[in-house]
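Undergrad: There's a structure below that I have some questions on.
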Number of protein chains: 2
Amino acid sequence: MTDHTGPTDELIADVFARGCTSRAALEDVAGKWGLLALLALGEGAYRFNALRRRVSGVSEKMLSQTLQALERDGIVHREVVTAIPPRVEYTLTPLGIQVAAKVRDLVELLESAVPEIAAARAAYSKGD
Amino acid sequence: MTDHTGPTDELIADVFARGCTSRAALEDVAGKWGLLALLALGEGAYRFNALRRRVSGVSEKMLSQTLQALERDGIVHREVVTAIPPRVEYTLTPLGIQVAAKVRDLVELLESAVPEIAAARAAYSKGD
């Protein structure tokens with residue numbers, strides 16, 4: 001938690017508070033599509049269709065909604081590149097680069113824990 | 001990404017791969033309820049109803065499903081405490097403590113970025 005001063009009074013951001021902007025942003029970042037899109041954009045700029053192929057399994061509509069929410073939060077930058085034909089590229093903003101780095105830390109931990117998670121799942125389904 | 005050896009051959013965990021256990025675990029951890037439940041349990045043990053109050057806005061059903069998925073992944077530990085009346089307590093496993101720490105890093109970044117996110121949202125709605 002960090003103190004920050006709003007236009008009229010001092011506020012403390014609290015992700016547990018339903019009205020807090022940090023919770024709204026967490027909802028945009030969270031969810032597998034937000035996390036996977038951030039992770040992919042951490043690799044570099046993507047055009048929409050290439051990003052959709054990278055984040056395999058996402059529908060056009062879900063990816064479009066996810067990117068729009070992240071753009072609104074100032075995490076993703078959408079740029080129309082004037083070329084023939086014109087193309088739209090998505091990149092991370094400076095804030096997005098920071099967020100994607102935290103997402104990567106989380107994902108790398110989960111990837112490295114796969115044997116442990118798989119063992120827990122096997123034990124759980126046997127009713128241990 | 002981390003190499004790990006499975007029972008029969010060598011596998012590389014890849015969160016982008018639809019069949020990978022790390023992606024399945026990411027889906028359980030991701031989502032605002034998974035993230036908020038992990039964050040709350042990072043504060044200490046919780047009984048179900050107290051956890052539900054902490055993660056304000058979650059329904060009984062959603063919290064129950066979230067905890068069950070995290071228990072199955074070996075991230076959350078559910079313990080029936082023999083007392084009168086008996087009670088059920090949720091805690092983080094050693095893996096869960098590591099995962100919750102990464103979630104906390106992400107959330108603290110978003111909390112500290114609230115002024116920036118709020119400004120981006122205001123600019124976006126004005127069509128800048």
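Following the order of the structure tokens, chains are lettered A, B, ..., residues in each are numbered from 1, and ligands are numbered from 1.
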Find the residues of chain B in contact range of chain A, meaning any atom within 6 Å when counting only C-alpha atoms, and list them as a list in words.
TA: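 Residues of chain B within 6 Å of chain A, counting only C-alpha atoms: Met1, Thr2, Ala13, Ser22, Glu27, Ala30, Gly31, Lys32, Arg72, Asp73, Gly74, Lys102, Leu106, Glu108, Leu110, Glu111, Ser112, Val114, Ile117, Ala120, Arg121 and Tyr124 of chain B.
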Undergrad: Please extract the residues of range 24-120 of chain B with a backbone DSSP assignment of helix (DSSP H, G or I) and present them as a ChimeraX atom specification.
TA: /B:24-29,32-41,48-54,60-72,94-112,114-120
Undergrad: If you run DSSP on this backbone, which residues of range 40-99 of chain B come out as strand (DSSP E), and could you give them as a PyMOL selection string?
TA: chain B and resi 46-47+76-81+87-92
Undergrad: Just write the chosen residues, C-alpha atoms, as a PDB file, in the first residue's frame.
TA:
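In the end it all went to selection07.pdb:
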ATOM      1  CA  TYR B  46      -8.478 -17.489   7.821  1.00  0.00           C
ATOM      2  CA  ARG B  47     -11.740 -19.253   8.500  1.00  0.00           C
ATOM      3  CA  VAL B  76      -3.795 -23.554  -0.207  1.00  0.00           C
ATOM      4  CA  HIS B  77      -4.099 -25.931   2.748  1.00  0.00           C
ATOM      5  CA  ARG B  78      -7.547 -26.657   4.219  1.00  0.00           C
ATOM      6  CA  GLU B  79      -7.599 -27.988   7.758  1.00  0.00           C
ATOM      7  CA  VAL B  80     -10.492 -29.140   9.892  1.00  0.00           C
ATOM      8  CA  VAL B  81      -9.628 -28.105  13.450  1.00  0.00           C
ATOM      9  CA  ARG B  87     -13.908 -25.256  12.384  1.00  0.00           C
ATOM     10  CA  VAL B  88     -12.209 -25.169   9.002  1.00  0.00           C
ATOM     11  CA  GLU B  89      -9.115 -23.060   8.548  1.00  0.00           C
ATOM     12  CA  TYR B  90      -7.338 -22.090   5.356  1.00  0.00           C
ATOM     13  CA  THR B  91      -3.613 -21.387   5.204  1.00  0.00           C
ATOM     14  CA  LEU B  92      -0.972 -21.148   2.479  1.00  0.00           C
TER      15      LEU B  92
END
Undergrad: Can you measure CA of Leu63 in chain A to CA of Gly19 in chain B for me? One decimal in Å is fine.
TA: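 It comes out at 19.6 Å.
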